[in-house]
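Colleague: Quick one, upload_28.pdb (PDB, C-alpha atoms and all ligand atoms):
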ATOM      1  CA  MET V   1     115.231  95.396 142.341
ATOM      2  CA  THR V   2     114.094  94.230 138.904
ATOM      3  CA  ARG V   3     116.669  94.098 136.175
ATOM      4  CA  VAL V   4     115.957  96.368 133.188
ATOM      5  CA  ALA V   5     115.526  93.814 130.426
ATOM      6  CA  GLY V   6     114.773  94.708 126.858
ATOM      7  CA  GLN V   7     115.403  97.318 124.236
ATOM      8  CA  ARG V   8     113.836 100.616 123.234
ATOM      9  CA  VAL V   9     111.487 100.217 120.285
ATOM     10  CA  ARG V  10     109.266 102.604 118.348
ATOM     11  CA  VAL V  11     106.420 101.774 115.978
ATOM     12  CA  ARG V  12     103.793 103.647 113.983
ATOM     13  CA  ALA V  13     100.172 102.511 114.231
ATOM     14  CA  LEU V  14      98.421 103.640 111.041
ATOM     15  CA  ALA V  15      94.675 104.273 110.784
ATOM     16  CA  LYS V  16      92.307 102.645 108.275
ATOM     17  CA  ILE V  17      89.191 103.596 106.404
ATOM     18  CA  ASN V  18      86.634 101.168 104.995
ATOM     19  CA  LEU V  19      86.227 101.641 101.242
ATOM     20  CA  SER V  20      83.130  99.456 101.540
ATOM     21  CA  LEU V  21      81.413  97.594 104.342
ATOM     22  CA  ARG V  22      78.626  95.080 103.760
ATOM     23  CA  VAL V  23      76.920  93.473 106.732
ATOM     24  CA  LEU V  24      75.644  90.080 105.583
ATOM     25  CA  GLY V  25      73.926  88.914 108.770
ATOM     26  CA  LEU V  26      74.204  88.042 112.449
ATOM     27  CA  ARG V  27      76.389  85.030 113.238
ATOM     28  CA  ALA V  28      75.815  82.387 115.903
ATOM     29  CA  ASP V  29      78.744  83.828 117.919
ATOM     30  CA  GLY V  30      77.041  87.233 118.196
ATOM     31  CA  TYR V  31      79.367  88.876 115.680
ATOM     32  CA  HIS V  32      78.263  90.006 112.248
ATOM     33  CA  GLU V  33      79.312  88.411 109.010
ATOM     34  CA  LEU V  34      81.144  91.117 107.062
ATOM     35  CA  ARG V  35      82.545  91.777 103.664
ATOM     36  CA  THR V  36      84.688  94.877 103.928
ATOM     37  CA  GLU V  37      87.441  96.545 101.974
ATOM     38  CA  PHE V  38      90.062  98.019 104.312
ATOM     39  CA  GLN V  39      92.445 100.763 103.221
ATOM     40  CA  SER V  40      95.417 102.100 105.202
ATOM     41  CA  ILE V  41      95.928 105.854 105.508
ATOM     42  CA  ALA V  42      98.999 107.752 106.644
ATOM     43  CA  LEU V  43      97.375 109.199 109.797
ATOM     44  CA  HIS V  44      98.990 107.363 112.704
ATOM     45  CA  ASP V  45      99.623 106.999 116.417
ATOM     46  CA  THR V  46     103.182 106.343 117.609
ATOM     47  CA  LEU V  47     104.073 103.829 120.314
ATOM     48  CA  THR V  48     107.397 103.915 122.104
ATOM     49  CA  CYS V  49     108.427 100.998 124.326
ATOM     50  CA  GLU V  50     110.954 101.860 126.983
ATOM     51  CA  PRO V  51     112.381  99.160 129.256
ATOM     52  CA  VAL V  52     112.107 100.293 132.877
ATOM     53  CA  ARG V  53     112.719  99.000 136.352
ATOM     54  CA  GLY V  54     109.378  98.403 137.967
ATOM     55  CA  PRO V  55     105.999  97.435 136.635
ATOM     56  CA  PHE V  56     104.563  97.489 133.132
ATOM     57  CA  ALA V  57     102.824 100.817 132.458
ATOM     58  CA  ILE V  58     101.051 102.679 129.676
ATOM     59  CA  ALA V  59     101.106 106.449 129.205
ATOM     60  CA  CYS V  60      98.976 108.230 126.610
ATOM     61  CA  SER V  61      99.056 111.770 125.238
ATOM     62  CA  ASP V  62      95.232 111.788 125.194
ATOM     63  CA  PRO V  63      93.794 111.907 128.719
ATOM     64  CA  ALA V  64      90.569 110.262 127.453
ATOM     65  CA  CYS V  65      92.499 107.102 126.538
ATOM     66  CA  PRO V  66      92.539 104.451 129.310
ATOM     67  CA  THR V  67      95.998 103.428 130.522
ATOM     68  CA  ASP V  68      94.975 100.405 132.587
ATOM     69  CA  GLU V  69      94.320  96.743 131.725
ATOM     70  CA  SER V  70      91.303  97.771 129.645
ATOM     71  CA  ASN V  71      93.601  99.295 127.007
ATOM     72  CA  LEU V  72      94.074  96.800 124.150
ATOM     73  CA  VAL V  73      97.803  97.541 124.312
ATOM     74  CA  TRP V  74      97.876  96.074 127.827
ATOM     75  CA  ARG V  75      96.017  92.987 126.615
ATOM     76  CA  ALA V  76      98.477  92.684 123.718
ATOM     77  CA  ALA V  77     101.356  92.849 126.209
ATOM     78  CA  ASP V  78      99.741  90.058 128.252
ATOM     79  CA  LEU V  79      99.452  87.811 125.199
ATOM     80  CA  VAL V  80     103.064  88.342 124.109
ATOM     81  CA  TRP V  81     104.398  87.840 127.643
ATOM     82  CA  ARG V  82     102.357  84.651 128.198
ATOM     83  CA  HIS V  83     103.588  83.321 124.844
ATOM     84  CA  ALA V  84     107.145  83.537 126.171
ATOM     85  CA  ARG V  85     106.248  81.793 129.479
ATOM     86  CA  ARG V  86     108.419  84.155 131.456
ATOM     87  CA  GLY V  87     106.203  84.129 134.553
ATOM     88  CA  ARG V  88     103.062  85.826 135.761
ATOM     89  CA  THR V  89     104.253  89.386 136.108
ATOM     90  CA  LEU V  90     104.675  91.415 132.944
ATOM     91  CA  GLY V  91     108.229  92.563 132.279
ATOM     92  CA  GLY V  92     109.114  96.135 133.209
ATOM     93  CA  MET V  93     108.220  98.303 130.220
ATOM     94  CA  ARG V  94     106.678 101.716 129.717
ATOM     95  CA  VAL V  95     104.618 102.033 126.549
ATOM     96  CA  GLU V  96     103.981 105.597 125.548
ATOM     97  CA  ILE V  97     101.179 106.187 123.061
ATOM     98  CA  ARG V  98     101.221 109.444 121.128
ATOM     99  CA  LYS V  99      97.595 109.527 120.066
ATOM    100  CA  ARG V 100      96.636 111.200 116.791
ATOM    101  CA  ILE V 101      93.881 108.867 115.560
ATOM    102  CA  PRO V 102      90.565 109.991 117.081
ATOM    103  CA  MET V 103      88.833 107.398 119.239
ATOM    104  CA  GLN V 104      85.336 105.985 118.556
ATOM    105  CA  ALA V 105      85.662 107.224 114.995
ATOM    106  CA  GLY V 106      85.722 103.989 112.957
ATOM    107  CA  LEU V 107      89.378 104.563 112.020
ATOM    108  CA  GLY V 108      90.693 101.517 113.900
ATOM    109  CA  GLY V 109      92.963 103.461 116.267
ATOM    110  CA  GLY V 110      92.668 101.089 119.239
ATOM    111  CA  SER V 111      93.019  98.006 117.036
ATOM    112  CA  SER V 112      96.021  99.432 115.193
ATOM    113  CA  ASP V 113      97.700 100.320 118.507
ATOM    114  CA  ALA V 114      97.111  96.728 119.636
ATOM    115  CA  ALA V 115      98.621  95.185 116.487
ATOM    116  CA  ALA V 116     101.572  97.579 116.686
ATOM    117  CA  ALA V 117     102.050  96.724 120.377
ATOM    118  CA  LEU V 118     102.175  92.975 119.626
ATOM    119  CA  ARG V 119     105.056  93.462 117.208
ATOM    120  CA  ALA V 120     106.859  96.201 119.114
ATOM    121  CA  LEU V 121     106.743  94.411 122.485
ATOM    122  CA  ALA V 122     107.951  91.128 120.968
ATOM    123  CA  LEU V 123     110.972  93.057 119.679
ATOM    124  CA  ALA V 124     111.424  95.091 122.879
ATOM    125  CA  TRP V 125     111.326  91.969 125.097
ATOM    126  CA  ARG V 126     113.254  89.880 122.532
ATOM    127  CA  ILE V 127     110.450  87.331 122.320
ATOM    128  CA  ASP V 128     110.242  85.221 119.199
ATOM    129  CA  VAL V 129     106.672  85.197 117.860
ATOM    130  CA  ASN V 130     106.079  83.604 114.465
ATOM    131  CA  THR V 131     103.538  84.943 111.955
ATOM    132  CA  ARG V 132     100.909  82.339 112.833
ATOM    133  CA  ALA V 133     101.081  82.984 116.567
ATOM    134  CA  LEU V 134     100.992  86.732 115.923
ATOM    135  CA  ALA V 135      97.849  86.378 113.786
ATOM    136  CA  ALA V 136      96.181  84.229 116.470
ATOM    137  CA  MET V 137      96.927  86.849 119.135
ATOM    138  CA  ALA V 138      95.599  89.610 116.884
ATOM    139  CA  ARG V 139      92.323  87.713 116.342
ATOM    140  CA  GLU V 140      91.950  87.301 120.088
ATOM    141  CA  LEU V 141      92.277  91.067 120.590
ATOM    142  CA  GLY V 142      89.522  92.090 118.170
ATOM    143  CA  ALA V 143      87.934  91.523 114.792
ATOM    144  CA  ASP V 144      89.894  94.186 112.903
ATOM    145  CA  VAL V 145      93.242  93.753 114.682
ATOM    146  CA  PRO V 146      94.548  91.103 112.200
ATOM    147  CA  TYR V 147      94.148  93.588 109.334
ATOM    148  CA  PHE V 148      96.689  95.889 110.972
ATOM    149  CA  LEU V 149      99.376  93.204 110.720
ATOM    150  CA  GLU V 150      99.048  93.480 106.919
ATOM    151  CA  GLY V 151      97.707  96.880 105.899
ATOM    152  CA  GLY V 152      97.274  98.279 102.393
ATOM    153  CA  THR V 153      94.102  97.411 100.479
ATOM    154  CA  ALA V 154      92.604  94.178 101.791
ATOM    155  CA  LEU V 155      89.296  92.344 101.804
ATOM    156  CA  GLY V 156      88.079  91.231 105.249
ATOM    157  CA  VAL V 157      85.392  88.531 105.458
ATOM    158  CA  GLU V 158      83.719  86.537 108.275
ATOM    159  CA  ARG V 159      84.117  88.823 111.350
ATOM    160  CA  GLY V 160      86.382  90.989 109.183
ATOM    161  CA  ASP V 161      89.339  88.987 110.479
ATOM    162  CA  ARG V 162      89.820  86.636 107.520
ATOM    163  CA  LEU V 163      91.882  88.612 105.056
ATOM    164  CA  PHE V 164      92.698  88.584 101.392
ATOM    165  CA  ALA V 165      95.190  90.989  99.879
ATOM    166  CA  LEU V 166      93.649  93.044  97.073
ATOM    167  CA  LEU V 167      95.261  95.024  94.305
ATOM    168  CA  ASP V 168      96.296  98.404  95.689
ATOM    169  CA  ALA V 169      93.428 100.880  95.384
ATOM    170  CA  PRO V 170      94.331 103.943  93.269
ATOM    171  CA  PRO V 171      96.383 106.361  95.414
ATOM    172  CA  SER V 172      94.161 109.114  96.787
ATOM    173  CA  HIS V 173      94.298 112.173  98.923
ATOM    174  CA  VAL V 174      91.960 111.593 101.839
ATOM    175  CA  VAL V 175      90.084 114.164 103.894
ATOM    176  CA  VAL V 176      88.868 112.687 107.178
ATOM    177  CA  VAL V 177      86.264 114.661 109.121
ATOM    178  CA  VAL V 178      85.484 113.724 112.708
ATOM    179  CA  PRO V 179      82.307 115.113 114.304
ATOM    180  CA  PRO V 180      82.342 116.146 117.968
ATOM    181  CA  PHE V 181      80.733 112.849 119.039
ATOM    182  CA  GLY V 182      81.887 109.239 118.808
ATOM    183  CA  VAL V 183      79.994 106.059 117.946
ATOM    184  CA  GLY V 184      80.586 102.754 119.755
ATOM    185  CA  THR V 185      81.115  99.816 117.382
ATOM    186  CA  ARG V 186      78.836  97.584 119.429
ATOM    187  CA  ASP V 187      76.055 100.221 119.297
ATOM    188  CA  ALA V 188      76.337 100.645 115.528
ATOM    189  CA  PHE V 189      75.911  96.902 114.975
ATOM    190  CA  ALA V 190      72.996  96.767 117.449
ATOM    191  CA  TRP V 191      71.298  99.608 115.495
ATOM    192  CA  TRP V 192      71.832  97.640 112.293
ATOM    193  CA  ASP V 193      70.148  94.594 113.955
ATOM    194  CA  ARG V 194      67.157  96.712 114.971
ATOM    195  CA  ALA V 195      66.777  98.217 111.491
ATOM    196  CA  ARG V 196      66.884  94.756 109.948
ATOM    197  CA  ARG V 197      64.175  93.488 112.285
ATOM    198  CA  ARG V 198      62.055  96.372 111.032
ATOM    199  CA  HIS V 199      62.955  95.315 107.468
ATOM    200  CA  GLN V 200      64.622  98.609 106.746
ATOM    201  CA  THR V 201      67.261  98.063 104.143
ATOM    202  CA  THR V 202      70.129 100.278 103.100
ATOM    203  CA  PRO V 203      69.146 102.294 100.020
ATOM    204  CA  GLU V 204      71.334 101.728  96.980
ATOM    205  CA  THR V 205      73.555 104.757  96.433
ATOM    206  CA  GLU V 206      75.197 106.234  93.377
ATOM    207  CA  ASP V 207      78.508 106.073  95.161
ATOM    208  CA  ASP V 208      80.770 103.059  94.667
ATOM    209  CA  LEU V 209      81.577 103.257  98.372
ATOM    210  CA  ARG V 210      78.844 101.540 100.338
ATOM    211  CA  ASN V 211      78.686 101.148 104.074
ATOM    212  CA  ASP V 212      75.698  99.218 105.474
ATOM    213  CA  LEU V 213      76.246 100.739 108.927
ATOM    214  CA  GLU V 214      75.735 104.251 107.531
ATOM    215  CA  ALA V 215      71.913 104.249 107.495
ATOM    216  CA  PRO V 216      71.390 103.026 111.082
ATOM    217  CA  VAL V 217      74.122 105.372 112.408
ATOM    218  CA  ILE V 218      72.804 108.341 110.394
ATOM    219  CA  ALA V 219      69.307 107.697 111.825
ATOM    220  CA  ARG V 220      70.802 108.690 115.246
ATOM    221  CA  HIS V 221      73.368 111.180 113.948
ATOM    222  CA  PRO V 222      72.034 112.982 110.836
ATOM    223  CA  GLU V 223      75.090 115.246 110.874
ATOM    224  CA  ILE V 224      77.084 112.372 109.336
ATOM    225  CA  ALA V 225      74.910 112.468 106.185
ATOM    226  CA  ARG V 226      75.389 116.236 105.940
ATOM    227  CA  LEU V 227      79.186 115.854 106.173
ATOM    228  CA  ILE V 228      79.225 113.181 103.454
ATOM    229  CA  GLY V 229      77.175 115.518 101.242
ATOM    230  CA  ARG V 230      79.535 118.409 101.900
ATOM    231  CA  LEU V 231      82.595 116.324 101.009
ATOM    232  CA  ARG V 232      80.981 115.370  97.691
ATOM    233  CA  ARG V 233      80.084 118.979  96.904
ATOM    234  CA  LEU V 234      83.655 120.002  97.727
ATOM    235  CA  GLY V 235      84.923 117.717  94.967
ATOM    236  CA  ALA V 236      85.439 114.301  96.572
ATOM    237  CA  ARG V 237      85.441 111.499  93.986
ATOM    238  CA  SER V 238      83.543 109.519  96.605
ATOM    239  CA  ALA V 239      82.703 109.950 100.276
ATOM    240  CA  ALA V 240      81.377 107.683 103.024
ATOM    241  CA  MET V 241      81.382 106.964 106.734
ATOM    242  CA  SER V 242      84.332 104.860 107.908
ATOM    243  CA  GLY V 243      83.530 101.576 109.696
ATOM    244  CA  SER V 244      81.002 102.182 112.466
ATOM    245  CA  GLY V 245      81.642 105.958 112.449
ATOM    246  CA  SER V 246      81.598 108.663 113.511
ATOM    247  CA  ALA V 247      84.356 109.750 111.069
ATOM    248  CA  VAL V 248      83.561 110.359 107.411
ATOM    249  CA  PHE V 249      86.101 110.545 104.609
ATOM    250  CA  GLY V 250      86.333 111.830 101.072
ATOM    251  CA  LEU V 251      88.710 110.548  98.384
ATOM    252  CA  PHE V 252      90.296 113.152  96.112
ATOM    253  CA  ASP V 253      92.491 112.841  93.028
ATOM    254  CA  LYS V 254      93.997 116.309  93.324
ATOM    255  CA  ALA V 255      95.958 117.546  96.334
ATOM    256  CA  THR V 256      94.811 121.141  95.790
ATOM    257  CA  VAL V 257      91.115 120.196  95.822
ATOM    258  CA  ALA V 258      91.603 118.024  98.933
ATOM    259  CA  HIS V 259      93.427 120.919 100.587
ATOM    260  CA  GLN V 260      90.583 123.343  99.875
ATOM    261  CA  ALA V 261      87.991 120.856 101.127
ATOM    262  CA  ALA V 262      89.948 120.297 104.345
ATOM    263  CA  ASP V 263      90.229 124.070 104.790
ATOM    264  CA  SER V 264      86.534 124.721 104.412
ATOM    265  CA  LEU V 265      85.573 121.872 106.795
ATOM    266  CA  GLY V 266      88.368 122.500 109.249
ATOM    267  CA  ARG V 267      86.457 124.626 111.689
ATOM    268  CA  ALA V 268      85.166 123.715 115.109
ATOM    269  CA  PRO V 269      83.364 121.539 116.051
ATOM    270  CA  TYR V 270      85.033 119.195 113.562
ATOM    271  CA  SER V 271      88.526 117.711 113.578
ATOM    272  CA  VAL V 272      89.815 117.465 110.034
ATOM    273  CA  PHE V 273      92.795 115.456 108.793
ATOM    274  CA  LEU V 274      94.316 115.759 105.348
ATOM    275  CA  THR V 275      96.146 112.512 104.611
ATOM    276  CA  GLN V 276      96.797 109.918 101.876
ATOM    277  CA  THR V 277      96.166 106.260 101.196
ATOM    278  CA  VAL V 278      99.096 103.941 101.957
ATOM    279  CA  ASN V 279      99.645 100.835  99.851
ATOM    280  CA  ARG V 280     100.685  97.444 101.195
ATOM    281  CA  ARG V 281     104.388  97.856 100.437
ATOM    282  CA  ARG V 282     104.625 101.244 102.029
ATOM    283  CA  TYR V 283     102.600 100.026 104.990
ATOM    284  CA  GLU V 284     105.114  97.249 105.589
ATOM    285  CA  ARG V 285     107.877  99.815 105.753
ATOM    286  CA  LEU V 286     105.995 102.446 107.762
ATOM    287  CA  ALA V 287     104.384 100.118 110.303
ATOM    288  CA  SER V 288     107.403  97.946 111.117
ATOM    289  CA  PRO V 289     108.781  98.371 114.624
ATOM    290  CA  HIS V 290     112.352  99.636 114.827
ATOM    291  CA  ARG V 291     114.935  99.715 117.565
ATOM    292  CA  LEU V 292     116.028 103.023 119.063
ATOM    293  CA  SER V 293     119.467 103.560 120.493
ATOM    294  CA  PRO V 294     119.576 103.054 124.274
ATOM    295  CA  ARG V 295     119.138 106.171 126.396
ATOM    296  CA  ALA V 296     122.419 107.733 127.393
TER     297      ALA V 296
HETATM  298  O1  LIG K   1      86.064  92.564 117.893
HETATM  299  P1  LIG K   1      85.818  93.884 118.549
HETATM  300  O2  LIG K   1      85.877  93.786 120.047
HETATM  301  O3  LIG K   1      86.662  94.977 118.013
HETATM  302  O4  LIG K   1      84.330  94.297 118.174
HETATM  303  C1  LIG K   1      83.640  95.240 118.917
HETATM  304  C2  LIG K   1      82.136  94.946 118.825
HETATM  305  O5  LIG K   1      81.672  95.199 117.511
HETATM  306  C3  LIG K   1      81.765  93.508 119.095
HETATM  307  O6  LIG K   1      81.557  93.281 120.479
HETATM  308  C4  LIG K   1      80.465  93.345 118.320
HETATM  309  O7  LIG K   1      79.404  93.878 119.053
HETATM  310  C5  LIG K   1      80.692  94.263 117.116
HETATM  311  N1  LIG K   1      81.145  93.530 115.914
HETATM  312  C6  LIG K   1      80.259  92.701 115.249
HETATM  313  N2  LIG K   1      80.670  92.023 114.140
HETATM  314  C7  LIG K   1      81.924  92.173 113.655
HETATM  315  C8  LIG K   1      82.843  93.014 114.312
HETATM  316  C9  LIG K   1      82.413  93.680 115.442
HETATM  317  O8  LIG K   1      79.099  92.561 115.676
HETATM  318  N3  LIG K   1      82.272  91.489 112.569
END
Using the file provided, produce a representation of the structure as structure tokens.
Ligand code: C5P
Modeller:
Amino acid sequence: MTRVAGQRVRVRALAKINLSLRVLGLRADGYHELRTEFQSIALHDTLTCEPVRGPFAIACSDPACPTDESNLVWRAADLVWRHARRGRTLGGMRVEIRKRIPMQAGLGGGSSDAAAALRALALAWRIDVNTRALAAMARELGADVPYFLEGGTALGVERGDRLFALLDAPPSHVVVVVPPFGVGTRDAFAWWDRARRRHQTTPETEDDLRNDLEAPVIARHPEIARLIGRLRRLGARSAAMSGSGSAVFGLFDKATVAHQAADSLGRAPYSVFLTQTVNRRRYERLASPHRLSPRA
């Protein structure tokens, strides 16, 4: 029988929005050269690592979320375990994901879970991983995973994985609206490629938020443009699509106005979240893994 080795750990995985996203071109490695401003929001998943006898396993509150090796959390576990050179078979651990961040929404849920899993599993398995090694693992997992090791307001360049801390954006109330369909990141970038070949450029907007993936995604899903318009009419200081969509968000100065906007959009078929921006310092506190007392 396998020994139960490790400690119980819990971590929050916060979502992000993109305050701006410029696509500068297609790189030789097939990725796109980006210039994007990430912003953490309080909406989060929660991961709990529980040492168990028996094999490594993932459980998720959302049945649509894969729980096998294709889940980025599993791949994060593999990287941490290999780093420790403790053998081929992953240590016995059950990772439970309480999913709140909608998937295929451009809110970074899968990437944030992966970054959170790297840190939580290192603590749960008592594996020492320095900052550099952690960043390298994050980059291997996906282009926006490294951002979730830092959080707050940050500029991402190259694939979006080279980061520079920015001054905290002004605190805002955020209304996130998720349409009843998702958009795959790979598809959104492929649509951008096609539009560029046809020399269609993104029109300049009045809004200070600009997302170059908006136009090609809206061409397939016009509902996204309507939702952005509605958020503006409901008093958002600015509104845009997040990342590759399908979620849109509005930034509000006043809680009451944000509340009313969320109320009037909060009917089926949309999922609506009323949340706030989270600055770098608060992110550090909120997104750090912590030990739980052992089960009685
Ligand atoms: O890195 P990740 O696996 O999260 O990216 C998902 C997909 O998004 C990539 O396979 C690629 O098609 C696209 N992508 C891109 N350029 C980026 C980031 C992502 O083309 N900078």
Colleague: Using all atoms of ligand LIG 1 (chain K) that appear in the file, construct an axis-aligned enclosing box with 8 Å of padding on every side and provide its centre coordinates and edge lengths in Å, rounded to one decimal, as JSON.
Modeller:
{"center_x": 82.9, "center_y": 93.4, "center_z": 116.5, "size_x": 23.6, "size_y": 19.8, "size_z": 23.9}
Colleague: Please, which residues in region 55-118 of chain V fall within 12 Å of region 22-43 of chain V when counting only C-alpha atoms, and what is the closest atom pair and distance in Å to one decimal for each, ordered by chain then residue number, as a Markdown table?
Modeller:
| residue | atom | partner | partner_atom | distance |
| --- | --- | --- | --- | --- |
| V:Arg98 | CA | V:Leu43 | CA | 12.0 |
| V:Lys99 | CA | V:Leu43 | CA | 10.3 |
| V:Arg100 | CA | V:Leu43 | CA | 7.3 |
| V:Ile101 | CA | V:Leu43 | CA | 6.7 |
| V:Pro102 | CA | V:Leu43 | CA | 10.0 |
| V:Gly106 | CA | V:Phe38 | CA | 11.4 |
| V:Leu107 | CA | V:Ile41 | CA | 9.3 |
| V:Gly108 | CA | V:Ser40 | CA | 9.9 |
| V:Gly109 | CA | V:Leu43 | CA | 9.7 |
| V:Ser112 | CA | V:Ser40 | CA | 10.4 |
Colleague: Do you know which residues are at most 12 Å from Arg196 (chain V) counting all atoms listed in the file, after dropping those on the same chain fewer than 3 positions away, and could you put them as a list of chain:residue names?
Modeller: V:Val23, V:Leu24, V:Gly25, V:Leu26, V:Phe189, V:Ala190, V:Trp191, V:Trp192, V:Asp193, V:His199, V:Gln200, V:Thr201, V:Thr202, V:Asp212, V:Leu213, V:Ala215, V:Pro216
Colleague: Need to verify the contact set: Ile224 (chain V), 9 Å, only C-alpha atoms, exclusion of same-chain residues closer than 5 positions in sequence. Can you return it as number ranges by chain?
Modeller: V: 179, 214, 217-218, 229, 240-241, 245-248
Colleague: Counting all atoms listed in the file, which of V:Ser111, V:Gln104, V:Thr275, V:Gln260 gets nearest to ligand LIG 1 (chain K)?
Modeller: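 Going through V:Ser111, V:Gln104, V:Thr275, V:Gln260 one by one, the smallest distance to ligand LIG 1 (chain K) is for V:Ser111.
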Colleague: Find the residues around Ser293 (chain V) up to 10 Å (all atoms listed in the file counted), leave out those fewer than 5 positions away in its own chain, and share them as a list in words.
Modeller: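 The residues satisfying every condition are Gln7, Arg8 and Val9 of chain V.
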Colleague: Would you pick out the contacts of Met93 (chain V) at 9 Å or less, using only C-alpha atoms, so that residues sharing its chain but fewer than 2 positions from it are not included, and give the list as a list in words?
Modeller: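 Non-adjacent residues within range: Val4, Ala5, Gly6, Cys49, Glu50, Pro51, Val52, Arg53, Gly54, Pro55, Phe56, Ala57, Ile58, Leu90, Gly91, Val95, Leu121, Ala124 and Trp125 of chain V.
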Colleague: Under the PyMOL selection byres (((chain V and resi 272) around 8) and not hetatm), which residues of this model are included? Write them out as a list in words.
Modeller: Val175, Val176, Val177, Val178, Ala262, Leu265, Gly266, Tyr270, Ser271, Phe273 and Leu274 of chain V
Colleague: For C-alpha atoms, I'd like the residues from the last selection saved as a PDB file, in the coordinates of the input.
Modeller:
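Contents of again.pdb, freshly written:
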ATOM      1  CA  VAL V 175      90.084 114.164 103.894  1.00  0.00           C
ATOM      2  CA  VAL V 176      88.868 112.687 107.178  1.00  0.00           C
ATOM      3  CA  VAL V 177      86.264 114.661 109.121  1.00  0.00           C
ATOM      4  CA  VAL V 178      85.484 113.724 112.708  1.00  0.00           C
ATOM      5  CA  ALA V 262      89.948 120.297 104.345  1.00  0.00           C
ATOM      6  CA  LEU V 265      85.573 121.872 106.795  1.00  0.00           C
ATOM      7  CA  GLY V 266      88.368 122.500 109.249  1.00  0.00           C
ATOM      8  CA  TYR V 270      85.033 119.195 113.562  1.00  0.00           C
ATOM      9  CA  SER V 271      88.526 117.711 113.578  1.00  0.00           C
ATOM     10  CA  PHE V 273      92.795 115.456 108.793  1.00  0.00           C
ATOM     11  CA  LEU V 274      94.316 115.759 105.348  1.00  0.00           C
TER      12      LEU V 274
END
Colleague: Using only C-alpha atoms, give me every residue within 10 Å of (104.1, 90.0, 133.3) in file coordinates, as a PDB file with C-alpha atoms, in the frame of the given file.
Modeller:
ATOM      1  CA  PRO V  55     105.999  97.435 136.635  1.00  0.00           C
ATOM      2  CA  PHE V  56     104.563  97.489 133.132  1.00  0.00           C
ATOM      3  CA  ALA V  77     101.356  92.849 126.209  1.00  0.00           C
ATOM      4  CA  ASP V  78      99.741  90.058 128.252  1.00  0.00           C
ATOM      5  CA  LEU V  79      99.452  87.811 125.199  1.00  0.00           C
ATOM      6  CA  VAL V  80     103.064  88.342 124.109  1.00  0.00           C
ATOM      7  CA  TRP V  81     104.398  87.840 127.643  1.00  0.00           C
ATOM      8  CA  ARG V  82     102.357  84.651 128.198  1.00  0.00           C
ATOM      9  CA  ARG V  85     106.248  81.793 129.479  1.00  0.00           C
ATOM     10  CA  ARG V  86     108.419  84.155 131.456  1.00  0.00           C
ATOM     11  CA  GLY V  87     106.203  84.129 134.553  1.00  0.00           C
ATOM     12  CA  ARG V  88     103.062  85.826 135.761  1.00  0.00           C
ATOM     13  CA  THR V  89     104.253  89.386 136.108  1.00  0.00           C
ATOM     14  CA  LEU V  90     104.675  91.415 132.944  1.00  0.00           C
ATOM     15  CA  GLY V  91     108.229  92.563 132.279  1.00  0.00           C
ATOM     16  CA  GLY V  92     109.114  96.135 133.209  1.00  0.00           C
ATOM     17  CA  MET V  93     108.220  98.303 130.220  1.00  0.00           C
TER      18      MET V  93
END
Colleague: Can you spell out as a list in words the set of residues that the PyMOL selection byres (((chain V and resi 62) around 10) and not hetatm) selects in the structure I just provided?
Modeller: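 Evaluating the PyMOL selection byres (((chain V and resi 62) around 10) and not hetatm) on these coordinates yields Ala59, Cys60, Ser61, Pro63, Ala64, Cys65, Pro66, Thr67, Ile97, Arg98, Lys99, Arg100, Pro102 and Met103 of chain V.
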Colleague: Select, from V:Arg126, V:His44, V:Arg159, V:Lys16, the residue with the minimum atom-to-atom distance to ligand LIG 1 (chain K), counting all atoms listed in the file.
Modeller: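 Under the stated criterion, the closest residue is V:Arg159.
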Colleague: For the structure shown, which residues end up in the PyMOL selection byres (((chain V and resi 143-147) around 6) and not hetatm)? Put them as a PDB file with C-alpha atoms, keeping the file's coordinate frame, please?
Modeller:
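Resulting contents of out21.pdb:
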ATOM      1  CA  SER V 111      93.019  98.006 117.036  1.00  0.00           C
ATOM      2  CA  ALA V 115      98.621  95.185 116.487  1.00  0.00           C
ATOM      3  CA  ALA V 135      97.849  86.378 113.786  1.00  0.00           C
ATOM      4  CA  ALA V 138      95.599  89.610 116.884  1.00  0.00           C
ATOM      5  CA  ARG V 139      92.323  87.713 116.342  1.00  0.00           C
ATOM      6  CA  GLY V 142      89.522  92.090 118.170  1.00  0.00           C
ATOM      7  CA  PHE V 148      96.689  95.889 110.972  1.00  0.00           C
ATOM      8  CA  LEU V 149      99.376  93.204 110.720  1.00  0.00           C
ATOM      9  CA  GLU V 150      99.048  93.480 106.919  1.00  0.00           C
ATOM     10  CA  GLY V 151      97.707  96.880 105.899  1.00  0.00           C
ATOM     11  CA  ARG V 159      84.117  88.823 111.350  1.00  0.00           C
ATOM     12  CA  GLY V 160      86.382  90.989 109.183  1.00  0.00           C
ATOM     13  CA  ASP V 161      89.339  88.987 110.479  1.00  0.00           C
TER      14      ASP V 161
END
Colleague: Do a neighbour search on Arg233 (chain V) at 12 Å with only C-alpha atoms, toss out local chain neighbours closer than 4 positions, and write the hits as a list in words.
Modeller: Arg226, Leu227, Ile228, Gly229, Arg237, Ser238, Ala239, Gly250, Phe252, Val257, Ala258, Gln260, Ala261, Ser264 and Leu265 of chain V
Colleague: Using all atoms listed in the file, pick whichever of V:Ala169, V:Gly243, V:Arg210, V:Asp263 has the shortest atom-to-atom distance to Ala105 (chain V).
Modeller: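 Among the listed residues, V:Gly243 lies closest to Ala105 (chain V).
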